[in-house]
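Report on one structure; see the data block that follows.
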Amino acid sequence: MSDHFEQGMQAQWMPFTANRDFKQSPRVLVGAQGHYYQTRDGGQVYDAFSGLWTSGIGHCHPKIVEAVQQQVAKLDYAMSFQIANDQAIELAAKLTDFAPIGFNKCFFTNSGSESADTALKMVLAYHQLKGDKNRVHLVGRQRGYHGVNFGGISVGGIPANRDLYSANLLPNVHHLPHHHDLEHNAFSKGAPVWGAHLADALLDIIAEHGKQAIAAVMVEPVPGSTGILPPPVGYLERLREICTQHGILLIFDEVINAFGRVGDNFGASRLGVMPDIITTAKGLTNGVIPMGAVLVTDEIYNTFMQGPGHMVEFFHGYTYSGHPVAAAAGLASLEAYAEEGSIEQARALEPVFEEAIHTLDDHPLVIDVRNFGLMGAVELAPREGEAGGRGLEAHKKCFWDERLVIRNGMDILQFAPFLNSRPDDIHRTFESLRKVLDSIA
Ligand SMILES: Cc1ncc(COP(=O)(O)O)c(C=O)c1O
């Protein structure tokens, strides 16, 4: 392996990474256990991001490792079209039990991006099947992240993910304003009080395109990848109300929020607002094997179940939908969450995390600190003429000087502590960050 290190380093085109910068100081992991990664230089680093929002109960969790090892030797792959496998069937039962009441059906995917595009296709098809032929418009939100496939970037609202494709994005997509506002909400703890009225922008979109034109609204309940933007008190309730009044389906993208990240099984249950469709991935298998799922109500599923009985009802699916090894990892993860009380542990850690992250409120480089559940962001003032530079430097210094993995999205430093973190480690994370911020210009 080491013979090919330099060659491979140059050969690998890294995702969502400043490749040229990275290759000058590669941060390479070779192992993981619990809350730590092992690095190529023989050291270890503390993971303050739970993988990539994925690994809430820690890396190489013994129960999940064992389930995967056994399953891969028993049924490595099973054709996913026209044939089912026992693991996917059992996971469908357990996942719909774990989901909020009414989400009785699930469609398996392999990632959050695939879940997003699957859900978007479902809502468009649903209205066509209902005879509501004009409901072809989709509504997302500025700064929304729904993965990187064409549906997801069209409905998503992150300019850098969209700009080069603007001529080819999905048509008939509109965006609500985002609800992040430093003037009103900076340094909020939990849900900010200002901003519920921003949901009313949906009424303007409805007025502009017609009463029966909108198929669905898709939002992350607590947006993550854009830099953690907790929803204002009352905002999601208002969005739900308007959708219901106008026959619009509401999709919650819970790829990050689900599985304990916001202190409940799902963001919908924590926030007390029920959508019509929920998309998931990441924590479904604790990150061990790629897998996603789209959860829907009976009403949506039954709408598809029409036409001749021998015909495929939804012309959609992936070779690896319901992959037996991924499903085994999903089953073991759900069991571990229940056995270890992980969701309750996460909820109990919230005050610790909130207190720790807000110790950075007074730092001169910091323009905002925000948190919800076990999601948090420390936003740095951008350097003049070098937006993102300070954030990347902080990320690298955390890794090399403090042996700490954090994520930066431009100048927003993001944190996702493990659901079963030790409180001391959470405090130490922000003490380390303070040292790093003190050392950079
Ligand atoms: C809300 C949301 N949706 C979709 C995705 C895309 O997931 P994936 O990278 O597994 O395709 C992500 C990834 O972070 C996400 O946060």
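Lettering and numbering for the structure tokens are positional, with chains as A, B, ... in the shown order, residues counted from 1 in each chain, and ligands counted from 1 in the shown order.
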- [ ] For A:Cys243, work out the shell of residues within 12 Å, counting only C-alpha atoms and skipping chain neighbours fewer than 4 positions away, then give it as a list in words.
- [x] Val139, Ala199, Asp200, Ala201, Leu202, Leu203, Ile205, Ile206, Lys211, Gln212, Ala213, Ile214, Ala215, Ala216, Val217, Met218, Leu236, Glu237, Arg238, Leu239, Gly247, Ile248, Leu249, Leu250, Ile251, Val273, Met274, Pro275 and Asp276 of chain A
- [ ] For A:Leu437, work out the shell of residues within 9 Å, counting only C-alpha atoms and skipping chain neighbours fewer than 6 positions away, then give it as a list in words.
- [x]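 Those residues are His363, Pro364, Leu365, Val366 and Ala394 of chain A.
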Write a file of the just-selected residues containing N, CA and C atoms, as a short mmCIF file (atom, residue, chain, number, x, y, z; two decimals), in the first residue's frame.
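Resulting contents of out_14.cif:
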```
data_model
loop_
_atom_site.label_atom_id
_atom_site.label_comp_id
_atom_site.auth_asym_id
_atom_site.auth_seq_id
_atom_site.Cartn_x
_atom_site.Cartn_y
_atom_site.Cartn_z
N HIS A 363 -15.28 34.94 21.51
CA HIS A 363 -14.00 34.98 20.79
C HIS A 363 -14.03 36.04 19.68
N PRO A 364 -12.98 36.82 19.55
CA PRO A 364 -13.01 37.93 18.58
C PRO A 364 -13.18 37.49 17.11
N LEU A 365 -12.82 36.26 16.77
CA LEU A 365 -13.00 35.82 15.37
C LEU A 365 -14.40 35.29 15.09
N VAL A 366 -15.20 35.15 16.14
CA VAL A 366 -16.48 34.44 16.01
C VAL A 366 -17.63 35.43 15.82
N ALA A 394 -8.54 26.64 10.30
CA ALA A 394 -8.97 26.14 11.63
C ALA A 394 -9.14 24.62 11.59
#
```
Produce as a compact mmCIF listing (two decimals) with C-alpha atoms, in the first residue's frame the set of residues near ligand 1, where near means within 8 Å with only C-alpha atoms and all ligand atoms considered.
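Output contents, as saved in out_15.txt:
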```
# COMPACT_ATOMS: atom_id res chain seq x y z
CA LEU A 52 -19.78 12.75 8.53
CA TRP A 53 -22.91 12.96 10.72
CA ASN A 110 -27.94 3.79 -0.92
CA SER A 111 -27.38 7.41 0.09
CA GLY A 112 -28.98 10.67 1.08
CA SER A 113 -28.74 11.97 -2.47
CA GLU A 114 -30.62 8.97 -3.78
CA SER A 115 -33.21 9.33 -1.04
CA ALA A 116 -33.76 12.96 -2.04
CA GLY A 144 -31.05 23.75 1.56
CA TYR A 145 -28.87 20.67 0.96
CA HIS A 146 -30.40 17.57 -0.52
CA GLY A 147 -27.33 15.85 -1.88
CA VAL A 148 -25.67 16.22 -5.23
CA GLY A 152 -31.28 17.42 -5.09
CA GLU A 220 -34.37 19.87 6.19
CA PRO A 223 -30.51 22.29 8.09
CA GLY A 224 -27.05 20.81 8.56
CA SER A 225 -24.53 20.94 5.75
CA ASP A 253 -34.98 15.59 4.50
CA GLU A 254 -33.77 13.94 7.68
CA VAL A 255 -30.55 12.49 6.34
CA ILE A 256 -28.78 14.25 9.22
CA ASN A 257 -31.57 14.85 11.74
CA THR A 279 -35.79 10.89 3.66
CA THR A 280 -32.94 9.29 5.62
CA ALA A 281 -29.48 7.73 5.25
CA LYS A 282 -26.30 8.11 7.38
CA PRO A 290 -24.00 3.00 2.68
CA MET A 291 -27.78 2.90 2.89
CA GLY A 292 -30.72 5.30 2.76
```
Open item on the list: I'd like the neighbourhood of stretch 408-417 of chain A as a VMD selection string, where a residue qualifies if any of its atoms comes within 9 Å (using only C-alpha atoms), though same-chain residues fewer than 4 positions away should be ignored.
Closed with: chain A and resid 47 to 53 56 224 to 228 261 353 357 374 to 383 387 to 392 394 to 395 421 426
Open item on the list: From the options A:Cys398, A:Cys106, A:Leu169, A:Ala88, which residue's atoms come nearest to A:Thr118, counting only C-alpha atoms?
Closed with: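 Selected residue with least distance to A:Thr118: A:Cys106.
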Open item on the list: Would you compute the distance between atom CA of A:Tyr36 and atom CA of A:Gly58? Give it in Å to one decimal.
Closed with: 8.3 Å
- [ ] Just the residues within 7 Å of A:Ile64, please, counting only C-alpha atoms, with nothing from its chain fewer than 2 positions along; format it as a PyMOL selection string.
- [x] chain A and resi 61-62+66-68+329+332-333
Produce a file of the selected residues containing C-alpha atoms, as a JSON list (two decimals), in the first residue's frame.
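After the write, selection_15.json holds the following:
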```json
[["chain", "number", "residue", "atom", "x", "y", "z"],
["A", 61, "HIS", "CA", -19.31, -0.64, 16.99],
["A", 62, "PRO", "CA", -18.88, -4.34, 17.89],
["A", 66, "GLU", "CA", -20.33, -8.63, 13.92],
["A", 67, "ALA", "CA", -23.65, -8.37, 12.09],
["A", 68, "VAL", "CA", -21.88, -7.28, 8.90],
["A", 329, "ALA", "CA", -25.92, -3.15, 9.51],
["A", 332, "ALA", "CA", -27.80, -4.00, 14.24],
["A", 333, "SER", "CA", -27.73, -0.18, 14.47]]
```
TODO: Report as an MDAnalysis selection string: the residues of stretch 86-334 of chain A with a DSSP assignment of strand (DSSP E), based on the backbone of this structure.
DONE: chainID A and resid 105:109 137:141 173:176 214:219 249:253 277:280 292:296
Task: Who sits within 7 Å of A:Ile343, only C-alpha atoms, same chain under 6 positions skipped, as a PyMOL selection string - done: chain A and resi 260+263-265+337
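Closest approach to A:Thr285 among A:His59, A:Arg40, A:His180, A:Arg20 is made by A:His59 (distances from only C-alpha atoms).
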TODO: Measure the distance from atom CA of A:Val288 to atom CA of A:Asp401 in Å and round it to one decimal.
DONE: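 So the two atoms, atom CA of A:Val288 and atom CA of A:Asp401, lie 28.1 Å apart.
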Open item on the list: I'd like the neighbourhood of stretch 73-76 of chain A as a PyMOL selection string, where a residue qualifies if any of its atoms comes within 12 Å (using only C-alpha atoms), though same-chain residues fewer than 5 positions away should be ignored.
Closed with: chain A and resi 66-68+84-88+320+322-328
Task: Pick from A:Pro221, A:Pro177, A:Pro26, A:Gly283, whichever lies nearest to A:Gln10 using only C-alpha atoms - done: A:Pro26
Could you give me, as a PDB file with C-alpha atoms, in the first residue's frame, the residues within 9 Å of A:Pro231, counting only C-alpha atoms and dropping anything in the same chain fewer than 6 positions from it?
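What landed in selection-v5.pdb:
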```
ATOM      1  CA  HIS A 179     -34.238  31.565   7.902  1.00  0.00           C
ATOM      2  CA  HIS A 180     -30.748  32.420   9.032  1.00  0.00           C
ATOM      3  CA  GLY A 190     -31.660  26.128  20.282  1.00  0.00           C
ATOM      4  CA  ALA A 191     -34.490  27.354  18.064  1.00  0.00           C
ATOM      5  CA  PRO A 192     -34.359  31.126  17.522  1.00  0.00           C
ATOM      6  CA  VAL A 193     -37.490  33.101  18.263  1.00  0.00           C
ATOM      7  CA  GLY A 195     -38.318  34.116  11.700  1.00  0.00           C
ATOM      8  CA  ALA A 196     -41.540  32.022  11.695  1.00  0.00           C
ATOM      9  CA  PRO A 221     -36.097  20.388   9.567  1.00  0.00           C
ATOM     10  CA  VAL A 222     -32.750  21.466  11.050  1.00  0.00           C
ATOM     11  CA  PRO A 223     -30.511  22.291   8.085  1.00  0.00           C
TER      12      PRO A 223
END
```
